$ cat my_file-v2.txt   # compact mmCIF, C-alpha atoms
# COMPACT_ATOMS: atom_id res chain seq x y z
CA MET A 119 -2.89 0.36 11.59
CA ASN A 120 -6.40 -1.09 11.46
CA HIS A 121 -6.90 -1.72 7.74
CA ALA A 122 -10.30 -3.39 8.11
CA PRO A 123 -13.05 -1.31 6.51
CA PHE A 124 -14.88 -0.83 9.82
CA SER A 125 -15.17 -2.33 13.29
CA HIS A 126 -18.87 -2.02 13.98
CA PRO A 127 -21.93 -4.25 14.66
CA ASN A 128 -23.22 -3.44 11.16
CA ARG A 129 -19.85 -3.96 9.51
CA SER A 130 -21.22 -6.21 6.78
CA ALA A 131 -23.64 -3.51 5.69
CA HIS A 132 -20.81 -0.97 5.61
CA VAL A 133 -18.67 -3.30 3.51
CA CYS A 134 -21.53 -3.68 1.02
CA VAL A 135 -21.86 0.09 0.76
CA LEU A 136 -18.12 0.48 0.14
CA ALA A 137 -18.16 -2.32 -2.42
CA THR A 138 -20.99 -0.56 -4.24
CA MET A 139 -19.08 2.73 -4.14
CA ALA A 140 -15.98 0.98 -5.48
CA GLY A 141 -18.03 -0.42 -8.34
CA ILE A 142 -19.29 3.04 -9.22
CA LEU A 143 -15.72 4.34 -9.26
CA VAL A 144 -14.54 1.59 -11.59
CA MET A 145 -17.44 2.31 -13.96
CA GLY A 146 -16.06 5.82 -14.40
CA THR A 147 -12.74 4.77 -15.94
CA PHE A 148 -13.37 6.34 -19.35
CA ALA A 149 -12.17 9.88 -20.04
CA PRO A 150 -13.34 12.49 -22.57
CA GLU A 151 -11.06 13.42 -25.44
CA PRO A 152 -9.04 16.58 -24.72
CA THR A 153 -10.31 19.66 -26.55
CA LEU A 154 -8.22 20.16 -29.69
CA GLY A 155 -6.98 23.55 -30.80
CA MET A 156 -7.23 25.20 -27.41
CA PRO A 157 -4.18 26.88 -25.91
CA THR A 158 -2.76 24.96 -22.96
CA VAL A 159 -1.61 26.36 -19.61
CA GLU A 160 -0.19 24.68 -16.52
CA ALA A 161 -2.39 25.19 -13.47
CA HIS A 162 -1.03 27.56 -10.84
CA LEU A 163 -1.28 25.55 -7.61
CA THR A 164 -0.82 27.06 -4.16
CA THR A 165 -0.42 25.81 -0.62
CA LEU A 166 -3.15 27.03 1.73
CA PRO A 167 -3.78 29.70 2.97
CA GLN A 168 -2.39 31.19 -0.26
CA VAL A 169 -4.78 31.38 -3.21
CA PRO A 170 -3.88 31.18 -6.92
CA THR A 171 -4.01 34.57 -8.62
CA PRO A 172 -7.37 35.59 -10.11
CA ILE A 173 -7.89 34.52 -13.71
CA THR A 174 -8.10 37.53 -16.02
CA ARG A 175 -8.16 35.86 -19.44
CA LYS A 176 -11.40 36.27 -21.37
CA GLU A 177 -11.41 32.93 -23.15
CA ALA A 178 -11.64 29.36 -21.94
CA THR A 179 -8.52 27.25 -22.33
CA ARG A 180 -7.05 23.84 -21.53
CA VAL A 181 -5.61 23.73 -18.01
CA VAL A 182 -3.30 20.89 -17.00
CA VAL A 183 -3.16 19.94 -13.31
CA HIS A 184 -0.34 17.72 -12.03
CA VAL A 185 -0.76 16.14 -8.60
CA GLU A 186 1.16 13.37 -6.87
CA THR A 187 0.41 11.46 -3.71
CA LYS A 188 2.70 11.33 -0.70
CA GLU A 189 2.38 9.47 2.59
CA TYR A 190 4.50 11.01 5.33
CA VAL A 191 4.85 11.67 9.08
CA GLY A 192 4.30 15.28 10.13
CA THR A 193 3.11 17.53 12.94
CA LEU A 194 -0.61 17.54 13.72
CA ALA A 195 -0.42 19.47 17.02
CA ASP A 196 2.18 20.33 19.65
CA GLY A 197 3.81 17.03 20.60
CA VAL A 198 1.66 15.05 18.16
CA GLN A 199 3.23 13.40 15.10
CA TYR A 200 0.82 11.79 12.66
CA LYS A 201 0.92 9.52 9.60
CA PHE A 202 -0.57 11.76 6.90
CA TRP A 203 -1.67 10.78 3.41
CA SER A 204 -1.53 13.77 1.09
CA PHE A 205 -1.66 15.36 -2.32
CA ASN A 206 1.65 17.05 -3.25
CA GLY A 207 3.05 16.56 0.24
CA THR A 208 0.78 19.01 2.05
CA VAL A 209 -2.40 18.71 4.10
CA PRO A 210 -4.65 20.13 2.78
CA GLY A 211 -3.58 19.50 -0.79
CA PRO A 212 -2.90 22.34 -3.23
CA MET A 213 -5.62 24.80 -4.19
CA ILE A 214 -6.61 24.65 -7.85
CA ARG A 215 -8.12 27.62 -9.72
CA VAL A 216 -9.70 27.42 -13.18
CA ARG A 217 -12.22 29.41 -15.20
CA GLU A 218 -15.77 28.52 -16.15
CA GLY A 219 -15.63 26.84 -19.55
CA ASP A 220 -12.05 25.60 -19.18
CA THR A 221 -11.19 22.03 -20.10
CA VAL A 222 -9.25 20.73 -17.10
CA GLU A 223 -6.85 17.81 -17.57
CA VAL A 224 -5.96 16.11 -14.29
CA HIS A 225 -2.86 13.92 -13.93
CA LEU A 226 -2.49 11.98 -10.67
CA VAL A 227 0.78 10.14 -10.00
CA ASN A 228 0.74 7.68 -7.11
CA LEU A 229 4.35 7.47 -5.96
CA ALA A 230 5.94 4.03 -5.90
CA ASP A 231 6.49 4.06 -2.13
CA SER A 232 2.78 4.55 -1.38
CA LEU A 233 1.07 1.82 0.59
CA PHE A 234 -2.31 2.10 -1.14
CA PRO A 235 -4.04 3.00 -4.41
CA HIS A 236 -5.11 6.66 -4.55
CA ASN A 237 -7.35 8.80 -6.77
CA MET A 238 -9.20 12.14 -6.93
CA ASP A 239 -12.92 12.86 -6.69
CA LEU A 240 -13.37 16.53 -7.61
CA HIS A 241 -16.77 17.92 -6.65
CA ALA A 242 -16.47 20.43 -9.53
CA VAL A 243 -16.82 17.58 -12.05
CA ASN A 244 -19.96 16.56 -13.91
CA GLY A 245 -19.20 12.90 -14.59
CA PRO A 246 -18.99 9.46 -12.92
CA GLY A 247 -17.26 9.50 -9.54
CA GLY A 248 -16.00 13.04 -10.06
CA GLY A 249 -13.04 11.50 -11.90
CA ALA A 250 -12.26 8.99 -9.16
CA GLY A 251 -12.40 5.92 -11.38
CA SER A 252 -10.29 7.50 -14.11
CA THR A 253 -7.58 8.65 -11.72
CA LEU A 254 -7.41 5.50 -9.59
CA ALA A 255 -3.73 4.51 -9.59
CA ILE A 256 -1.83 1.78 -7.80
CA PRO A 257 1.61 2.68 -6.37
CA GLY A 258 4.00 3.67 -9.14
CA LYS A 259 1.26 4.38 -11.69
CA GLU A 260 -0.61 7.41 -13.08
CA GLY A 261 -4.31 8.08 -13.65
CA MET A 262 -5.75 10.92 -15.69
CA PHE A 263 -8.94 12.37 -17.13
CA ALA A 264 -10.32 15.63 -18.51
CA PHE A 265 -13.50 17.52 -17.67
CA LYS A 266 -15.14 20.79 -18.61
CA ALA A 267 -15.62 23.24 -15.72
CA LEU A 268 -19.30 24.05 -16.19
CA ASN A 269 -20.36 25.41 -12.80
CA PRO A 270 -18.62 28.36 -11.12
CA GLY A 271 -18.07 28.02 -7.39
CA LEU A 272 -15.81 26.73 -4.64
CA TYR A 273 -15.60 22.95 -4.40
CA ILE A 274 -13.94 20.23 -2.36
CA TYR A 275 -11.79 17.50 -3.87
CA HIS A 276 -10.64 14.37 -2.04
CA CYS A 277 -9.32 10.86 -2.47
CA ALA A 278 -12.04 8.25 -2.87
CA SER A 279 -9.98 5.08 -3.15
CA PRO A 280 -11.89 2.05 -1.83
CA VAL A 281 -8.68 0.43 -0.53
CA PRO A 282 -8.60 0.10 2.47
CA ASN A 283 -11.76 2.28 2.53
CA ILE A 284 -12.82 5.74 1.39
CA PRO A 285 -13.14 7.33 4.87
CA ALA A 286 -9.52 6.43 5.70
CA HIS A 287 -8.17 8.39 2.74
CA ILE A 288 -10.21 11.47 3.64
CA ALA A 289 -9.52 11.28 7.38
CA ASN A 290 -5.77 10.94 6.79
CA GLY A 291 -5.48 14.21 4.87
CA MET A 292 -6.27 13.63 1.19
CA TYR A 293 -8.40 16.66 0.33
CA GLY A 294 -8.23 20.20 -1.00
CA LEU A 295 -10.11 23.03 -2.72
CA ILE A 296 -10.83 23.77 -6.37
CA LEU A 297 -12.23 27.16 -7.37
CA VAL A 298 -14.04 27.65 -10.67
CA ASP A 299 -14.08 31.38 -11.40
CA PRO A 300 -17.11 32.67 -13.31
CA ALA A 301 -16.42 33.60 -16.94
CA GLU A 302 -16.64 37.30 -16.06
CA GLY A 303 -14.40 36.86 -13.01
CA LEU A 304 -15.07 37.74 -9.38
CA PRO A 305 -15.01 41.37 -8.22
CA PRO A 306 -11.48 42.41 -7.17
CA VAL A 307 -10.62 42.49 -3.47
CA ASP A 308 -7.53 43.49 -1.49
CA GLN A 309 -6.76 40.09 0.03
CA GLU A 310 -7.73 36.49 -0.72
CA TYR A 311 -7.02 33.56 1.58
CA ALA A 312 -8.15 29.93 1.79
CA VAL A 313 -9.06 27.99 4.93
CA LEU A 314 -10.01 24.31 5.08
CA GLN A 315 -11.33 22.72 8.29
CA SER A 316 -10.87 19.04 9.10
CA GLU A 317 -11.14 16.48 11.89
CA PHE A 318 -8.54 13.93 12.95
CA PHE A 319 -9.21 10.71 14.87
CA THR A 320 -6.03 9.37 16.42
CA MET A 321 -4.55 6.38 18.22
CA PRO A 322 -0.95 5.23 18.80
CA SER A 323 0.63 3.42 15.87
CA ALA A 324 3.14 0.59 16.08
CA GLU A 325 5.88 3.23 15.77
CA LYS A 326 6.68 4.87 19.08
CA GLY A 327 5.56 8.48 19.33
CA ILE A 328 3.60 8.47 16.07
CA MET A 329 -0.19 8.54 15.86
CA GLU A 330 -2.39 7.10 13.13
CA LEU A 331 -6.06 6.94 12.22
CA SER A 332 -8.55 5.40 14.65
CA MET A 333 -11.46 4.09 12.59
CA GLU A 334 -13.36 3.40 15.80
CA LYS A 335 -13.27 7.08 16.81
CA GLY A 336 -14.29 8.04 13.30
CA LEU A 337 -17.32 5.76 13.44
CA VAL A 338 -18.57 7.30 16.68
CA GLU A 339 -17.63 10.78 15.42
CA HIS A 340 -15.30 11.67 18.30
CA PRO A 341 -12.38 13.64 16.81
CA ASP A 342 -9.30 14.31 18.92
CA HIS A 343 -8.38 17.32 16.78
CA VAL A 344 -10.42 19.80 14.73
CA VAL A 345 -8.07 22.08 12.82
CA PHE A 346 -7.71 24.68 10.09
CA ASN A 347 -5.30 23.96 7.21
CA GLY A 348 -4.06 20.61 8.40
CA LYS A 349 -2.72 21.18 11.89
CA ALA A 350 -3.37 23.00 15.14
CA GLY A 351 -1.84 26.48 15.00
CA ALA A 352 -1.46 26.56 11.21
CA LEU A 353 -3.00 30.06 11.17
CA ILE A 354 -1.24 31.40 14.27
CA GLY A 355 2.16 33.09 14.57
CA GLU A 356 4.11 32.87 11.33
CA GLY A 357 1.06 31.35 9.63
CA GLN A 358 -1.43 34.04 10.64
CA LEU A 359 -3.46 35.82 7.96
CA GLU A 360 -2.59 39.51 7.52
CA ALA A 361 -4.38 42.60 6.26
CA LYS A 362 -4.58 46.37 6.67
CA ALA A 363 -7.47 48.37 8.09
CA GLY A 364 -9.83 49.19 5.24
CA ASP A 365 -8.97 46.06 3.24
CA ASN A 366 -11.76 44.13 1.59
CA ILE A 367 -11.04 40.45 2.25
CA ARG A 368 -12.35 37.32 0.58
CA LEU A 369 -11.97 33.97 2.31
CA TYR A 370 -12.49 30.68 0.51
CA VAL A 371 -13.58 28.39 3.32
CA GLY A 372 -13.99 24.64 3.00
CA ASN A 373 -14.93 21.90 5.44
CA ILE A 374 -13.98 18.33 4.60
CA GLY A 375 -15.41 16.94 7.84
CA PRO A 376 -15.20 14.02 7.38
CA ASN A 377 -18.17 14.05 9.76
CA GLY A 378 -18.97 17.37 11.41
CA ALA A 379 -20.32 20.63 10.00
CA SER A 380 -18.46 23.88 10.67
CA SER A 381 -19.98 26.98 12.30
CA PHE A 382 -17.45 29.36 10.75
CA HIS A 383 -17.15 32.73 12.50
CA ILE A 384 -14.63 35.55 12.87
CA ILE A 385 -14.78 37.12 16.32
CA GLY A 386 -15.21 40.87 15.89
CA GLU A 387 -16.27 40.78 12.24
CA ILE A 388 -19.50 40.51 10.27
CA PHE A 389 -19.51 38.95 6.82
CA ASP A 390 -20.75 41.53 4.31
CA LYS A 391 -21.41 38.76 1.79
CA VAL A 392 -21.63 34.99 2.01
CA TYR A 393 -21.80 32.96 -1.18
CA VAL A 394 -23.90 30.20 0.35
CA GLU A 395 -22.35 26.72 0.06
CA GLY A 396 -19.66 28.17 -2.21
CA ALA A 397 -22.05 28.64 -5.13
CA ILE A 398 -21.25 31.55 -7.46
CA GLY A 399 -24.38 32.82 -9.18
CA GLY A 400 -26.63 31.51 -6.42
CA THR A 401 -27.75 32.97 -3.11
CA ILE A 402 -25.64 35.70 -1.52
CA ASN A 403 -26.48 36.40 2.11
CA LYS A 404 -25.55 39.75 3.64
CA ASN A 405 -24.62 40.85 7.16
CA VAL A 406 -23.93 37.33 8.42
CA GLN A 407 -22.36 36.57 11.82
CA THR A 408 -21.76 32.82 11.42
CA THR A 409 -22.11 30.63 8.35
CA LEU A 410 -22.78 26.89 8.48
CA ILE A 411 -20.62 24.76 6.18
CA PRO A 412 -21.57 21.09 5.82
CA SER A 413 -19.12 18.23 5.59
CA ALA A 414 -17.57 18.21 2.09
CA GLY A 415 -18.96 21.71 1.56
CA ALA A 416 -17.69 25.25 1.22
CA ALA A 417 -18.54 28.94 1.50
CA ILE A 418 -17.04 32.15 0.17
CA VAL A 419 -17.15 35.04 2.64
CA GLU A 420 -16.29 38.70 2.06
CA PHE A 421 -15.86 41.46 4.63
CA THR A 422 -14.04 44.73 5.26
CA VAL A 423 -11.80 45.10 8.30
CA ASP A 424 -12.39 48.59 9.67
CA VAL A 425 -9.99 48.78 12.59
CA PRO A 426 -6.67 47.13 13.52
CA GLY A 427 -6.36 44.19 15.88
CA ALA A 428 -6.12 40.42 16.14
CA TYR A 429 -9.31 38.74 14.93
CA LEU A 430 -9.92 35.08 15.77
CA LEU A 431 -11.19 32.67 13.14
CA VAL A 432 -13.12 29.90 14.90
CA ASP A 433 -15.55 27.09 14.51
CA HIS A 434 -18.18 28.51 16.86
CA SER A 435 -19.17 25.03 17.94
CA ILE A 436 -16.92 26.50 20.54
CA PHE A 437 -15.41 23.49 22.32
CA ARG A 438 -13.70 22.72 19.01
CA VAL A 439 -11.44 25.72 19.63
CA ALA A 440 -9.82 23.63 22.38
CA LYS A 441 -9.25 20.92 19.77
CA GLY A 442 -7.46 23.32 17.41
CA ALA A 443 -10.16 25.09 15.34
CA VAL A 444 -8.77 28.61 15.75
CA GLY A 445 -6.66 30.98 13.68
CA ILE A 446 -5.73 34.67 13.61
CA LEU A 447 -6.32 37.45 11.11
CA TYR A 448 -3.90 40.20 12.16
CA VAL A 449 -4.88 43.68 10.95
CA THR A 450 -2.59 46.72 11.09
CA GLY A 451 -3.39 50.39 10.47
CA GLU A 452 -4.92 53.48 12.02
CA GLU A 453 -7.45 53.31 14.83
CA ASN A 454 -10.96 54.58 14.11
CA PRO A 455 -12.72 55.45 17.39
CA LEU A 456 -15.93 56.28 15.53
CA ILE A 457 -16.24 52.59 14.70
CA TYR A 458 -14.56 51.02 17.74
CA ASN A 459 -13.43 52.84 20.87
CA ALA A 460 -11.77 50.96 23.72
CA MET A 461 -12.87 53.35 26.47
CA ASP A 462 -10.97 53.87 29.71
CA PRO A 463 -13.36 53.67 32.70
CA ALA A 464 -11.00 55.92 34.67
CA ASN A 465 -11.73 58.82 32.32
$ encode --input "my_file-v2.txt" --output "structure tokens"
Amino acid sequence: MNHAPFSHPNRSAHVCVLATMAGILVMGTFAPEPTLGMPTVEAHLTTLPQVPTPITRKEATRVVVHVETKEYVGTLADGVQYKFWSFNGTVPGPMIRVREGDTVEVHLVNLADSLFPHNMDLHAVNGPGGGAGSTLAIPGKEGMFAFKALNPGLYIYHCASPVPNIPAHIANGMYGLILVDPAEGLPPVDQEYAVLQSEFFTMPSAEKGIMELSMEKGLVEHPDHVVFNGKAGALIGEGQLEAKAGDNIRLYVGNIGPNGASSFHIIGEIFDKVYVEGAIGGTINKNVQTTLIPSAGAAIVEFTVDVPGAYLLVDHSIFRVAKGAVGILYVTGEENPLIYNAMDPAN
């Protein structure tokens, strides 16, 4: 694998930027004292597309999150095996759900067989590096910190270790979603799912039949694969999303990039509500066909499925469908010809 920070004419400038970023991370190595006297609960973590259950408690509490790193070989697409770096052995990493006002204590264990230091930068954090400096752990060690969840919304988290470089950790699969519910909770819906889009830049590794990260492709922003939930086909077949006609559905949609924005769209559906950029308490757009999600950004979309059928989730930068950015929402139930009528031209 190419472990150099970048291969590029302006490489020295890039190295300086990364060195500066590394310095910022190290400056953030202090952690606030845990809140005393608060009840403590273990965070309910889920593997995407599943979402942790809505939080119904009325009071803030202390939530403990345990995450470990794992580097492994897994399936990226049909016939493509890839060297992933992950949180908790899945790409994307687990979804975290807390409540506004909670004190969140994050424990990151970097397993002893890891090749590199790892950490977590949570975009829901108000504090240096999003916790990256405090959680930075060499193989076999643990990093931890605590933060108060002040701002409700849907946020990205990712590894920001400067060794070998930050983009490599993100591009190899070290990212996930954290949802901060508002204190009053979100309105109930029938179904909740989570979708996280990402790009992969590949080249053959020294191990036959196994691909690894191409930094060169990342620099020129030419991904080989653009996928939902970590691999092509993750939301097709056994992994498809399911609902019944009449269900009100909420999707928590993230886009890690690491470079491109996502033009998220469901073919045959209109979003009744879009919480723009994942912000809860901010702008809610209505009657939206496609919502733009920037790199390292998110959106929350809500809609009602009126009639049965197979609905395609896509990045409507449409050539990306051929690279894997497609999934299925399969809806069962009674037909409603007043809303949709597949007419027979012979009649």
$ residues_around --input "my_file-v2.txt" --residues "A:Asn454" --least-positions-apart "5" --cutoff "9 Å" --atoms "only C-alpha atoms" --output "JSON, numbers by chain"
{"A": [424, 425, 426, 459]}
$ closest_residue --input "my_file-v2.txt" --among "A:His434, A:Lys201, A:His236, A:Arg217" --to "A:Phe382" --atoms "only C-alpha atoms"
A:His434
$ closest_residue --input "my_file-v2.txt" --among "A:Pro322, A:Pro170, A:Gly219, A:Pro305" --to "A:Phe265" --atoms "only C-alpha atoms"
A:Gly219
$ atom_distance --input "my_file-v2.txt" --atom1 "atom CA of A:Ala278" --atom2 "atom CA of A:Pro300"
27.0 Å
$ closest_residue --input "my_file-v2.txt" --among "A:Ala416, A:Ala460, A:Ala379, A:Ile354" --to "A:Ala428" --atoms "all atoms listed in the file"
A:Ile354
$ residues_around --input "my_file-v2.txt" --residues "A:Asn206" --least-positions-apart "6" --cutoff "7 Å" --atoms "all atoms listed in the file" --output "number ranges by chain"
A: 185-188, 212
$ atom_distance --input "my_file-v2.txt" --atom1 "atom CA of A:Asn290" --atom2 "atom CA of A:Gly396"
23.9 Å
$ atom_distance --input "my_file-v2.txt" --atom1 "atom CA of A:Thr193" --atom2 "atom CA of A:Asp433"
21.0 Å
$ closest_residue --input "my_file-v2.txt" --among "A:Ala264, A:Leu369, A:Val419, A:Leu304" --to "A:Val392" --atoms "all atoms listed in the file"
A:Val419
$ closest_residue --input "my_file-v2.txt" --among "A:Met333, A:Met238, A:Ala301, A:Cys277" --to "A:Asp220" --atoms "all atoms listed in the file"
A:Ala301
$ closest_residue --input "my_file-v2.txt" --among "A:Ile418, A:Val444, A:Ala289, A:Ala267" --to "A:Ala352" --atoms "all atoms listed in the file"
A:Val444
$ residues_around --input "my_file-v2.txt" --residues "A:Tyr429" --least-positions-apart "4" --cutoff "9 Å" --atoms "only C-alpha atoms" --output "list in words"
Ile384, Ile385, Gly386, Glu387, Gly445, Ile446, Leu447, Tyr448 and Val449 of chain A
$ axis_aligned_box --input "my_file-v2.txt" --around "stretch 426-429 of chain A" --padding-each-side "6 Å" --output "AutoDock Vina command-line options"
--center_x -7.7 --center_y 42.9 --center_z 14.8 --size_x 15.2 --size_y 20.4 --size_z 14.6
$ residues_near_point --input "my_file-v2.txt" --point "(-22.7, 30.1, -5.9)" --cutoff "12 Å" --atoms "only C-alpha atoms" --output "ChimeraX atom specification"
/A:269-273,297-300,304,391-403,415-419
$ residues_around --input "my_file-v2.txt" --residues "A:Ala195" --least-positions-apart "6" --cutoff "12 Å" --atoms "all atoms listed in the file" --output "PyMOL selection string"
chain A and resi 318+320+328-329+342-352+440-443
